[in-house]
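Text of protein-v8.csv, listed as CSV, C-alpha atoms:
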```
chain,number,residue,atom,x,y,z
C,1,MET,CA,-53.4,114.2,-3.4
C,2,ARG,CA,-54.3,115.5,0.1
C,3,GLU,CA,-57.7,113.9,-0.1
C,4,GLY,CA,-56.1,110.6,-1.0
C,5,LEU,CA,-53.7,110.7,1.9
C,6,VAL,CA,-56.7,111.4,4.2
C,7,PHE,CA,-58.5,108.4,2.8
C,8,SER,CA,-55.4,106.2,3.3
C,9,ALA,CA,-54.9,107.4,6.9
C,10,ALA,CA,-58.6,106.8,7.7
C,11,GLY,CA,-58.4,103.3,6.1
C,12,LEU,CA,-55.3,102.6,8.1
C,13,LEU,CA,-56.9,103.6,11.4
C,14,LEU,CA,-60.0,101.7,10.7
C,15,GLY,CA,-57.9,98.6,9.8
C,16,PHE,CA,-56.1,98.7,13.2
C,17,ALA,CA,-59.4,99.4,15.0
C,18,ALA,CA,-61.0,96.3,13.4
C,19,ALA,CA,-57.9,94.2,14.3
C,20,ALA,CA,-58.2,95.5,17.9
C,21,VAL,CA,-61.8,94.5,18.1
C,22,LEU,CA,-60.9,91.0,16.7
C,23,SER,CA,-58.2,90.7,19.3
C,24,ALA,CA,-60.6,91.5,22.1
C,25,LEU,CA,-63.2,89.0,20.7
C,26,LEU,CA,-60.5,86.3,20.8
C,27,GLY,CA,-59.8,87.1,24.5
C,28,GLU,CA,-56.5,89.0,24.1
C,29,SER,CA,-55.9,92.5,25.2
C,30,PRO,CA,-55.7,94.9,22.2
C,31,TRP,CA,-53.2,97.1,24.1
C,32,LEU,CA,-51.0,94.1,24.7
C,33,VAL,CA,-51.2,93.2,21.0
C,34,LEU,CA,-50.3,96.7,20.0
C,35,THR,CA,-47.4,96.9,22.5
C,36,VAL,CA,-46.0,93.6,21.1
C,37,LEU,CA,-46.3,94.8,17.5
C,38,VAL,CA,-44.6,98.1,18.3
C,39,ARG,CA,-41.8,96.6,20.5
C,40,GLY,CA,-41.2,93.9,18.0
C,41,SER,CA,-40.9,96.2,15.0
C,42,VAL,CA,-39.1,99.3,16.3
C,43,GLY,CA,-38.3,98.5,20.0
C,44,SER,CA,-34.6,98.2,19.3
C,45,LEU,CA,-32.1,99.2,16.6
C,46,ASN,CA,-31.9,95.5,15.5
C,47,ASN,CA,-35.7,95.2,15.3
C,48,LEU,CA,-35.9,98.4,13.2
C,49,ALA,CA,-33.2,97.0,10.9
C,50,TYR,CA,-35.2,93.9,10.3
C,51,SER,CA,-38.4,95.9,9.7
C,52,LEU,CA,-36.7,98.0,7.0
C,53,TYR,CA,-35.2,94.8,5.6
C,54,TYR,CA,-38.7,93.3,5.2
C,55,ALA,CA,-39.9,96.6,3.8
C,56,THR,CA,-37.2,96.8,1.1
C,57,PRO,CA,-38.7,94.4,-1.5
C,58,LEU,CA,-42.1,95.9,-0.9
C,59,ILE,CA,-40.8,99.3,-2.0
C,60,PHE,CA,-39.8,97.9,-5.4
C,61,THR,CA,-43.0,95.8,-5.9
C,62,GLY,CA,-45.1,98.7,-4.7
C,63,LEU,CA,-43.5,101.1,-7.2
C,64,ALA,CA,-43.9,98.4,-9.9
C,65,VAL,CA,-47.6,98.2,-9.3
C,66,ALA,CA,-48.0,101.9,-9.0
C,67,TRP,CA,-46.3,102.6,-12.3
C,68,ALA,CA,-48.7,100.3,-14.1
C,69,PHE,CA,-51.6,101.9,-12.3
C,70,HIS,CA,-50.6,105.3,-13.6
C,71,ALA,CA,-50.9,103.8,-17.1
C,72,ARG,CA,-54.3,102.3,-16.1
C,73,LEU,CA,-52.9,98.8,-16.1
C,74,PHE,CA,-53.2,96.3,-13.3
C,75,ASN,CA,-49.9,94.4,-12.9
C,76,ILE,CA,-50.7,91.5,-10.7
C,77,GLY,CA,-47.6,89.7,-11.9
C,78,ALA,CA,-45.0,91.4,-9.8
C,79,GLU,CA,-44.4,88.2,-7.9
C,80,GLY,CA,-43.4,86.3,-11.1
C,81,GLN,CA,-41.4,89.3,-12.4
C,82,MET,CA,-39.5,89.4,-9.1
C,83,ALA,CA,-38.8,85.7,-9.4
C,84,ILE,CA,-37.5,86.1,-12.9
C,85,GLY,CA,-35.4,89.1,-11.9
C,86,GLY,CA,-33.8,87.1,-9.0
C,87,LEU,CA,-33.1,84.2,-11.3
C,88,ALA,CA,-31.4,86.5,-13.9
C,89,ALA,CA,-29.3,88.2,-11.2
C,90,VAL,CA,-28.1,84.8,-9.9
C,91,SER,CA,-27.5,83.4,-13.4
C,92,PHE,CA,-25.3,86.4,-14.2
C,93,GLY,CA,-23.4,85.9,-11.0
C,94,LEU,CA,-22.8,82.2,-11.5
C,95,THR,CA,-21.8,82.7,-15.2
C,96,PHE,CA,-19.3,85.5,-14.4
C,97,PRO,CA,-18.1,84.6,-10.9
C,98,GLU,CA,-14.7,86.4,-11.1
C,99,LEU,CA,-15.9,89.9,-11.9
C,100,PRO,CA,-14.9,92.6,-9.4
C,101,SER,CA,-17.7,94.2,-7.4
C,102,LEU,CA,-17.6,97.4,-9.5
C,103,LEU,CA,-18.9,95.3,-12.5
C,104,ALA,CA,-20.5,92.4,-10.7
C,105,ILE,CA,-23.2,94.2,-8.8
C,106,PRO,CA,-24.3,96.5,-11.7
C,107,GLY,CA,-24.3,93.6,-14.0
C,108,ALA,CA,-26.5,91.5,-11.7
C,109,LEU,CA,-28.9,94.5,-11.2
C,110,LEU,CA,-29.2,95.2,-14.9
C,111,SER,CA,-29.7,91.6,-15.7
C,112,ALA,CA,-32.6,91.4,-13.1
C,113,MET,CA,-34.2,94.6,-14.6
C,114,ALA,CA,-33.9,93.4,-18.2
C,115,ALA,CA,-35.2,89.9,-17.6
C,116,ALA,CA,-38.1,91.0,-15.4
C,117,GLY,CA,-38.9,93.9,-17.7
C,118,PHE,CA,-39.1,91.5,-20.6
C,119,TRP,CA,-41.4,89.3,-18.6
C,120,GLY,CA,-43.7,92.2,-17.9
C,121,ALA,CA,-43.5,93.3,-21.5
C,122,ILE,CA,-44.9,89.9,-22.6
C,123,ALA,CA,-48.1,90.8,-20.7
C,124,GLY,CA,-48.0,94.3,-22.2
C,125,TYR,CA,-47.8,92.9,-25.7
C,126,LEU,CA,-50.6,90.5,-25.2
C,127,LYS,CA,-52.7,93.4,-23.8
C,128,ALA,CA,-51.9,95.8,-26.5
C,129,TYR,CA,-51.9,93.6,-29.6
C,130,ARG,CA,-53.9,90.6,-28.7
C,131,LYS,CA,-56.5,92.2,-26.4
C,132,VAL,CA,-55.7,89.7,-23.5
C,133,HIS,CA,-56.5,91.4,-20.2
C,134,GLU,CA,-53.3,92.1,-18.3
C,135,VAL,CA,-54.7,90.5,-15.1
C,136,LEU,CA,-55.2,87.2,-16.8
C,137,ALA,CA,-51.8,87.4,-18.6
C,138,THR,CA,-49.8,88.3,-15.6
C,139,ILE,CA,-51.4,85.6,-13.4
C,140,MET,CA,-50.6,82.9,-16.0
C,141,LEU,CA,-47.0,84.3,-16.4
C,142,ASN,CA,-46.6,84.0,-12.6
C,143,PHE,CA,-47.1,80.3,-12.8
C,144,ILE,CA,-44.7,80.0,-15.7
C,145,ALA,CA,-42.1,82.0,-13.8
C,146,TYR,CA,-42.4,79.7,-10.8
C,147,GLY,CA,-41.8,76.7,-13.0
C,148,ILE,CA,-38.7,78.2,-14.6
C,149,VAL,CA,-37.3,79.2,-11.3
C,150,SER,CA,-38.0,75.7,-9.9
C,151,TYR,CA,-36.2,74.1,-12.8
C,152,ALA,CA,-33.2,76.4,-12.4
C,153,VAL,CA,-33.0,75.8,-8.6
C,154,SER,CA,-33.4,72.0,-8.9
C,155,GLU,CA,-31.5,71.3,-12.1
C,156,LEU,CA,-29.7,74.2,-13.8
C,157,TRP,CA,-27.9,75.9,-10.9
C,158,ARG,CA,-28.6,73.4,-8.2
C,159,ASN,CA,-26.5,73.5,-5.0
C,160,THR,CA,-25.4,69.9,-4.6
C,161,GLU,CA,-24.0,70.6,-1.1
C,162,SER,CA,-27.4,71.5,0.3
C,163,GLN,CA,-30.6,69.5,0.8
C,164,ALA,CA,-32.6,72.7,0.5
C,165,PRO,CA,-34.0,73.8,-2.9
C,166,GLU,CA,-31.5,76.5,-3.7
C,167,THR,CA,-28.8,77.5,-6.2
C,168,ARG,CA,-25.1,77.6,-5.8
C,169,VAL,CA,-23.7,80.5,-3.8
C,170,LEU,CA,-22.4,83.6,-5.5
C,171,THR,CA,-18.9,85.0,-4.9
C,172,GLU,CA,-18.5,87.7,-2.3
C,173,SER,CA,-17.9,90.3,-5.1
C,174,TYR,CA,-21.7,90.2,-5.6
C,175,ARG,CA,-22.5,91.1,-2.0
C,176,LEU,CA,-24.1,94.5,-1.4
C,177,PRO,CA,-22.6,96.6,1.3
C,178,GLN,CA,-24.2,96.2,4.7
C,179,VAL,CA,-25.9,99.0,6.7
C,180,MET,CA,-26.7,96.8,9.7
C,181,ASP,CA,-27.3,93.1,9.6
C,182,PRO,CA,-29.5,92.1,7.7
C,183,LEU,CA,-30.2,95.6,6.3
C,184,ASN,CA,-28.1,96.4,3.3
C,185,PHE,CA,-27.7,99.0,0.5
C,186,ALA,CA,-30.8,97.7,-1.2
C,187,ILE,CA,-32.8,100.0,1.0
C,188,LEU,CA,-30.8,103.0,-0.3
C,189,ALA,CA,-31.3,101.7,-3.9
C,190,GLY,CA,-35.1,101.5,-3.2
C,191,LEU,CA,-35.1,105.2,-2.0
C,192,ALA,CA,-33.1,106.2,-5.1
C,193,VAL,CA,-35.4,104.3,-7.4
C,194,ALA,CA,-38.4,105.9,-5.7
C,195,ALA,CA,-36.9,109.4,-6.4
C,196,LEU,CA,-36.2,108.4,-10.0
C,197,PHE,CA,-39.8,107.1,-10.3
C,198,THR,CA,-41.2,110.5,-9.4
C,199,LEU,CA,-38.8,112.4,-11.7
C,200,LEU,CA,-39.5,110.1,-14.6
C,201,LEU,CA,-43.2,110.0,-14.2
C,202,PHE,CA,-43.9,113.6,-13.5
C,203,ARG,CA,-40.9,115.5,-15.0
C,204,SER,CA,-40.3,113.7,-18.3
C,205,ARG,CA,-42.0,113.5,-21.6
C,206,PHE,CA,-42.0,109.7,-21.4
C,207,GLY,CA,-43.8,109.8,-18.0
C,208,PHE,CA,-46.3,112.3,-19.3
C,209,TYR,CA,-47.1,110.0,-22.2
C,210,GLN,CA,-47.5,107.1,-19.8
C,211,ARG,CA,-49.9,109.0,-17.7
C,212,MET,CA,-51.7,110.2,-20.8
C,213,ILE,CA,-52.5,106.7,-22.1
C,214,GLY,CA,-53.8,105.9,-18.6
C,215,GLY,CA,-55.9,109.0,-18.3
C,216,GLY,CA,-57.2,109.3,-21.8
C,217,PRO,CA,-56.2,106.8,-24.4
C,218,LYS,CA,-58.5,108.3,-27.0
C,219,VAL,CA,-56.9,111.7,-26.5
C,220,ALA,CA,-53.4,110.1,-26.7
C,221,ARG,CA,-54.3,108.6,-30.1
C,222,LEU,CA,-55.5,111.9,-31.3
C,223,ALA,CA,-52.2,113.4,-30.1
C,224,GLY,CA,-50.4,110.9,-32.3
C,225,LEU,CA,-49.1,108.5,-29.6
C,226,ASN,CA,-48.7,104.9,-30.3
C,227,VAL,CA,-50.8,103.6,-27.4
C,228,GLU,CA,-50.0,100.0,-28.0
C,229,ARG,CA,-46.2,100.7,-27.8
C,230,HIS,CA,-46.7,102.7,-24.6
C,231,VAL,CA,-48.7,99.9,-23.0
C,232,VAL,CA,-45.8,97.5,-23.7
C,233,ALA,CA,-43.4,100.1,-22.4
C,234,ALA,CA,-45.4,100.6,-19.2
C,235,MET,CA,-45.4,96.9,-18.4
C,236,PHE,CA,-41.7,96.7,-19.2
C,237,VAL,CA,-40.9,99.5,-16.7
C,238,SER,CA,-43.3,97.9,-14.1
C,239,GLY,CA,-41.6,94.5,-14.5
C,240,ALA,CA,-38.1,96.0,-14.3
C,241,LEU,CA,-39.0,97.6,-11.0
C,242,ALA,CA,-40.4,94.4,-9.7
C,243,GLY,CA,-37.2,92.6,-10.8
C,244,LEU,CA,-35.2,94.6,-8.4
C,245,ALA,CA,-37.3,93.4,-5.4
C,246,GLY,CA,-35.1,90.3,-4.9
C,247,ILE,CA,-31.8,92.0,-4.6
C,248,SER,CA,-32.1,92.7,-0.9
C,249,ASP,CA,-32.3,89.0,-0.1
C,250,ILE,CA,-30.1,87.6,-2.9
C,251,LEU,CA,-27.3,90.2,-3.2
C,252,GLY,CA,-27.5,91.6,0.3
C,253,PHE,CA,-28.1,88.6,2.4
C,254,SER,CA,-28.0,85.0,1.1
C,255,LEU,CA,-26.0,85.3,-2.1
C,256,LYS,CA,-28.2,82.5,-3.6
C,257,LEU,CA,-31.6,81.9,-5.0
C,258,ARG,CA,-34.0,79.9,-2.8
C,259,GLU,CA,-37.2,78.5,-4.1
C,260,GLY,CA,-40.1,80.6,-2.8
C,261,PHE,CA,-37.8,83.5,-1.9
C,262,THR,CA,-40.4,86.0,-3.1
C,263,GLY,CA,-42.6,85.3,-0.1
C,264,GLY,CA,-45.6,87.0,-1.5
C,265,ALA,CA,-43.9,90.4,-1.9
C,266,GLY,CA,-45.3,90.8,-5.3
C,267,PHE,CA,-48.9,90.5,-4.1
C,268,ILE,CA,-48.3,92.6,-1.0
C,269,GLY,CA,-47.0,95.3,-3.4
C,270,ILE,CA,-50.5,95.7,-4.7
C,271,ALA,CA,-51.6,96.6,-1.2
C,272,VAL,CA,-48.6,98.9,-0.8
C,273,ALA,CA,-49.4,100.8,-4.0
C,274,LEU,CA,-53.1,101.0,-3.0
C,275,LEU,CA,-52.3,102.4,0.5
C,276,GLY,CA,-49.6,104.7,-0.9
C,277,ARG,CA,-52.0,106.1,-3.5
C,278,ASN,CA,-49.5,105.3,-6.2
C,279,SER,CA,-47.1,108.0,-5.1
C,280,ALA,CA,-43.4,107.2,-4.4
C,281,LEU,CA,-43.5,108.7,-0.9
C,282,GLY,CA,-46.8,106.9,-0.1
C,283,VAL,CA,-45.3,103.6,-1.4
C,284,ILE,CA,-42.2,104.0,0.9
C,285,LEU,CA,-44.4,104.7,3.9
C,286,ALA,CA,-46.8,101.8,3.2
C,287,ALA,CA,-43.9,99.4,2.6
C,288,VAL,CA,-42.3,100.4,5.9
C,289,LEU,CA,-45.6,99.9,7.6
C,290,PHE,CA,-46.2,96.5,6.2
C,291,GLY,CA,-42.5,95.5,6.8
C,292,SER,CA,-42.9,96.6,10.5
C,293,LEU,CA,-46.1,94.6,10.8
C,294,HIS,CA,-44.4,91.5,9.5
C,295,LYS,CA,-41.5,91.9,11.9
C,296,GLY,CA,-43.6,92.9,14.9
C,297,SER,CA,-46.0,90.0,14.4
C,298,LEU,CA,-43.3,87.4,14.8
C,299,ASP,CA,-43.3,88.1,18.5
C,300,LEU,CA,-47.1,87.5,18.9
C,301,ASP,CA,-46.5,83.7,19.0
C,302,LEU,CA,-44.3,84.1,22.1
C,303,ASP,CA,-45.8,87.0,23.9
C,304,THR,CA,-49.5,86.4,23.6
C,305,ASP,CA,-51.7,83.3,24.3
C,306,LYS,CA,-54.4,83.6,21.8
C,307,ILE,CA,-53.0,85.6,18.9
C,308,SER,CA,-50.5,84.4,16.3
C,309,ARG,CA,-48.3,86.1,13.7
C,310,ASP,CA,-51.1,85.7,11.2
C,311,LEU,CA,-52.7,88.8,12.7
C,312,SER,CA,-50.4,90.9,10.6
C,313,VAL,CA,-52.0,89.4,7.5
C,314,VAL,CA,-55.5,90.1,9.0
C,315,ILE,CA,-54.5,93.8,9.6
C,316,GLN,CA,-53.2,94.1,6.1
C,317,ALA,CA,-56.5,92.7,4.8
C,318,PHE,CA,-58.6,95.1,6.9
C,319,VAL,CA,-56.4,98.1,5.8
C,320,ILE,CA,-56.9,97.1,2.1
C,321,ILE,CA,-60.6,96.7,2.5
C,322,PHE,CA,-61.1,100.0,4.2
C,323,VAL,CA,-58.7,101.9,1.9
C,324,ALA,CA,-60.4,100.4,-1.2
C,325,SER,CA,-63.8,101.4,0.1
C,326,SER,CA,-62.8,104.7,1.6
C,327,ARG,CA,-64.3,106.9,-1.1
C,328,GLY,CA,-67.6,105.0,-0.8
C,329,LEU,CA,-67.5,105.4,2.9
C,330,ALA,CA,-66.9,109.1,2.5
C,331,ASP,CA,-69.9,109.4,0.2
C,332,LEU,CA,-72.0,107.5,2.7
C,333,TRP,CA,-70.8,109.8,5.5
C,334,ALA,CA,-71.7,112.9,3.4
C,335,TRP,CA,-75.1,111.4,2.6
C,336,ALA,CA,-75.7,110.7,6.3
C,337,ARG,CA,-74.8,114.3,7.3
C,338,LYS,CA,-77.0,115.8,4.6
C,339,PRO,CA,-79.9,117.6,6.2
C,340,ARG,CA,-83.2,115.9,5.6
C,341,GLY,CA,-85.9,117.9,4.0
C,342,VAL,CA,-83.5,119.9,1.8
C,343,LYS,CA,-84.6,119.5,-1.8
C,344,GLU,CA,-81.9,118.9,-4.4
C,345,GLU,CA,-81.5,121.6,-7.0
C,346,SER,CA,-83.5,120.7,-10.0
C,347,ARG,CA,-81.4,120.0,-13.1
C,348,ALA,CA,-81.8,122.5,-15.8
```
Could I get this structure in the form of C-alpha cells?
Amino acid sequence: MREGLVFSAAGLLLGFAAAAVLSALLGESPWLVLTVLVRGSVGSLNNLAYSLYYATPLIFTGLAVAWAFHARLFNIGAEGQMAIGGLAAVSFGLTFPELPSLLAIPGALLSAMAAAGFWGAIAGYLKAYRKVHEVLATIMLNFIAYGIVSYAVSELWRNTESQAPETRVLTESYRLPQVMDPLNFAILAGLAVAALFTLLLFRSRFGFYQRMIGGGPKVARLAGLNVERHVVAAMFVSGALAGLAGISDILGFSLKLREGFTGGAGFIGIAVALLGRNSALGVILAAVLFGSLHKGSLDLDLDTDKISRDLSVVIQAFVIIFVASSRGLADLWAWARKPRGVKEESRA
C-alpha cells in the first residue's frame, strides 16, 4: 500500500513537471500557470466549494471503477451507468412529484442505484456467461445508454418550456440540502459511500469473495464459490456506485436531467481509481485533485496569454501516463543504480 502511494505521488509530481515544461515551451511562465491553478481552485471559499462540487461525481465513478478493479474487471462503462442512474432518479421524481423529501430523496437515490446497477450487471452477465470481454460490453452499453437518455430528454420527459435538451424540473422536495452553493450534501454522501466501500470490501464476507475472484478465480472455484455469479454481482455494485455520480448535479443543483450532463466523469473515474490505487481514501484525494484542476483551469483562459483551460486535461493525461508506468520506471531506476560488474547469482 505504501509503495503504491509512493508511485502515485511520483507520477503526480512527474505529471505536473511535464506540464510545467510544456507551459515553458509554449512561452508561458510555469509559475504563473501554477499560481492561476491554485488561486482558481482553492484561492477562496467559493472556489473551494466549486472544486469540491466538481470532485463529487468523480468520487462515485472512481469508487465504481475501483470496485470492479478489485474483482479484476475493467468497468469502462461508468459514464453510461451514470447516465442511466441520472435518468432513473429523474424518472422517479417526475413520476412521484408530490412525495415529501423524507421519501423523495431516498427513492430517487435507490432508483439511480438499482437502474445503474442493472446496467452494469448486463455487462457482468455477458462476461460471466457469454465470455464477452467487459471492456467491449461496457463500451457498447455506453452508446445504448446515451441513446436512451437522449430519447427521454427529447421525447419522454421533455421540458417544453426550454429550448435546451433537458427534462422537466423536479419539485423542491427532491433537492439535496446545500452546504455552500453549488456544493451540496452529495459530497457527504460520497464520503459515506467511500467509508462503506472500505467496510464492505475488507470487512465483509461478500467483499472477501469479490477480492478472491479477482485475485485467484481458480482458488475461488475450488473453495466452492460461484465465480460467474460474483462477476455479475461485482459489475452490479460497480454500476450502482456510478449511478450515484449524477446526484450532485441533478438533485443538488439543477433538479433536471440535461443531455450530456455526465461530462466525461465516468471516464475520468478510471484515472481517479488508477491514481488512488483503488483505495477509498486514494480515490477521494484523486477526485479532489482532478476537481481542483478542472476549477482552477477555468481561469487560465483569462489570466494567461498562451495557455487555455485544456491544460488541465493535459496534466491529467501526464499523471495517468506516469502513474501507469511508475512500476516500470521504478524497475528501470533500480537497474540503472545496479553496480556494473556484479554477477547475478546463478539459479540453482
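Distance annotation: of C:Phe118, C:Ile105, C:Ile144, C:Leu170, the residue with the minimal separation from Ser91 of chain C is C:Leu170; atom set is only C-alpha atoms.
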Mind running segment 195-247 of chain C against segment 70-80 of chain C at 8 Å and telling me each contacting residue's nearest atom pair with the distance in Å (one decimal), counting only C-alpha atoms, chain and number ascending, as a tab-separated table?
```
residue	atom	partner	partner_atom	distance
C:Gln210	CA	C:Ala71	CA	5.5
C:Arg211	CA	C:Ala71	CA	5.3
C:Met212	CA	C:Ala71	CA	7.4
C:Ile213	CA	C:Ala71	CA	6.0
C:Gly214	CA	C:Ala71	CA	3.9
C:Gly215	CA	C:Arg72	CA	7.2
C:Val231	CA	C:Ala71	CA	7.4
C:Ala234	CA	C:Ala71	CA	6.7
C:Met235	CA	C:Asn75	CA	7.5
C:Ser238	CA	C:Asn75	CA	7.6
C:Gly239	CA	C:Ala78	CA	6.6
C:Ala242	CA	C:Ala78	CA	5.5
C:Gly243	CA	C:Ala78	CA	8.0
```
Practice problem: Go through C:Ala24, C:Ala128, C:Ala9, C:Ala112 one by one, measure the shortest atom-to-atom distance of each to Arg229 of chain C using only C-alpha atoms, and give the residue with the smallest value. | Solution: C:Ala128
Quiz item: atom CA of Lys295 of chain C and atom CA of Ser308 of chain C, how far apart in Å?
Solution: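 Answer for the atom CA of Ser308 of chain C to atom CA of Lys295 of chain C separation: 12.5 Å.
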Per residue of segment 188-279 of chain C within 10 Å of segment 63-69 of chain C, what are the shortest atom pair and its distance in Å to one decimal, counting only C-alpha atoms, with rows by chain and residue number, as CSV?
```
residue,atom,partner,partner_atom,distance
C:Gly190,CA,C:Leu63,CA,9.3
C:Val193,CA,C:Leu63,CA,8.7
C:Ala194,CA,C:Leu63,CA,7.2
C:Phe197,CA,C:Leu63,CA,7.7
C:Thr198,CA,C:Trp67,CA,9.8
C:Leu201,CA,C:Trp67,CA,8.2
C:Gly207,CA,C:Trp67,CA,9.5
C:Gln210,CA,C:Trp67,CA,8.8
C:Arg211,CA,C:Phe69,CA,9.1
C:Gly214,CA,C:Phe69,CA,7.8
C:Val231,CA,C:Ala68,CA,8.9
C:Ala233,CA,C:Ala68,CA,9.8
C:Ala234,CA,C:Ala68,CA,6.1
C:Met235,CA,C:Ala68,CA,6.4
C:Phe236,CA,C:Ala68,CA,9.4
C:Val237,CA,C:Ala64,CA,7.5
C:Ser238,CA,C:Ala64,CA,4.3
C:Gly239,CA,C:Ala64,CA,6.5
C:Ala240,CA,C:Ala64,CA,7.7
C:Leu241,CA,C:Ala64,CA,5.1
C:Ala242,CA,C:Ala64,CA,5.3
C:Gly243,CA,C:Ala64,CA,8.9
C:Leu244,CA,C:Ala64,CA,9.6
C:Ala245,CA,C:Ala64,CA,9.4
C:Gly266,CA,C:Val65,CA,8.7
C:Phe267,CA,C:Val65,CA,9.4
C:Gly269,CA,C:Val65,CA,6.6
C:Ile270,CA,C:Val65,CA,6.0
C:Ala271,CA,C:Val65,CA,9.2
C:Val272,CA,C:Leu63,CA,8.5
C:Ala273,CA,C:Ala66,CA,5.3
C:Leu274,CA,C:Ala66,CA,7.9
C:Gly276,CA,C:Ala66,CA,8.7
C:Arg277,CA,C:Ala66,CA,8.0
C:Asn278,CA,C:Ala66,CA,4.7
C:Ser279,CA,C:Ala66,CA,7.3
```
Self-check item: Pairwise distance for atom CA of Leu281 of chain C and atom CA of Leu58 of chain C, rounded to one decimal in Å
Solution: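 These atoms are spaced 12.9 Å apart.
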Quiz item: What separation in Å, quoted to one decimal, exists between atom CA of Ser325 of chain C and atom CA of Ile268 of chain C?
Solution: 17.9 Å
Quiz item: Mind listing as a VMD selection string all residues within 12 Å of (-46.4, 89.7, -25.9), counting all atoms listed in the file?
Solution: chain C and resid 117 to 134 137 to 138 141 228 to 229 231 to 233 235 to 236
Quiz item: Of the candidates C:Glu172, C:Gln163, C:Leu222, C:Phe143, which one gets nearest to Leu99 of chain C if we count only C-alpha atoms?
Solution: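 Closest to Leu99 of chain C of all the choices is C:Glu172.
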Quiz item: Can you tell me, as a PyMOL selection string, what residues are no more than 10 Å from Ile187 of chain C when counting all atoms listed in the file, ignoring any on the same chain fewer than 5 positions away?
Solution: chain C and resi 52-57+59-60+179+192-193+247-248+252
Quiz item: Could you pull the residues within 7 Å of segment 41-48 of chain C, counting all atoms listed in the file, minus those fewer than 6 positions along the same chain, as a PyMOL selection string?
Solution: chain C and resi 292-293+295-296
Self-check item: Surrounding residues of Gly27 of chain C excluding itself and chain neighbours under 5 positions, 12 Å, only C-alpha atoms, as a list in words
Solution: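 Those residues are Ala20, Val21, Leu22, Leu32, Val33, Thr304, Asp305, Lys306 and Ile307 of chain C.
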Quiz prompt | Residues within 12 Å of Asp310 of chain C, all atoms listed in the file, excluding chain neighbours under 6 positions, as a PyMOL selection string | solution = chain C and resi 19+23+293-301+316-317
What does the file look like for those residues with C-alpha atoms, as a PDB file, in the frame of the given file?
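Everything below was put into selection35.pdb:
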```pdb
ATOM      1  CA  ALA C  19     -57.900  94.200  14.300  1.00  0.00           C
ATOM      2  CA  SER C  23     -58.200  90.700  19.300  1.00  0.00           C
ATOM      3  CA  LEU C 293     -46.100  94.600  10.800  1.00  0.00           C
ATOM      4  CA  HIS C 294     -44.400  91.500   9.500  1.00  0.00           C
ATOM      5  CA  LYS C 295     -41.500  91.900  11.900  1.00  0.00           C
ATOM      6  CA  GLY C 296     -43.600  92.900  14.900  1.00  0.00           C
ATOM      7  CA  SER C 297     -46.000  90.000  14.400  1.00  0.00           C
ATOM      8  CA  LEU C 298     -43.300  87.400  14.800  1.00  0.00           C
ATOM      9  CA  ASP C 299     -43.300  88.100  18.500  1.00  0.00           C
ATOM     10  CA  LEU C 300     -47.100  87.500  18.900  1.00  0.00           C
ATOM     11  CA  ASP C 301     -46.500  83.700  19.000  1.00  0.00           C
ATOM     12  CA  GLN C 316     -53.200  94.100   6.100  1.00  0.00           C
ATOM     13  CA  ALA C 317     -56.500  92.700   4.800  1.00  0.00           C
TER      14      ALA C 317
END
```
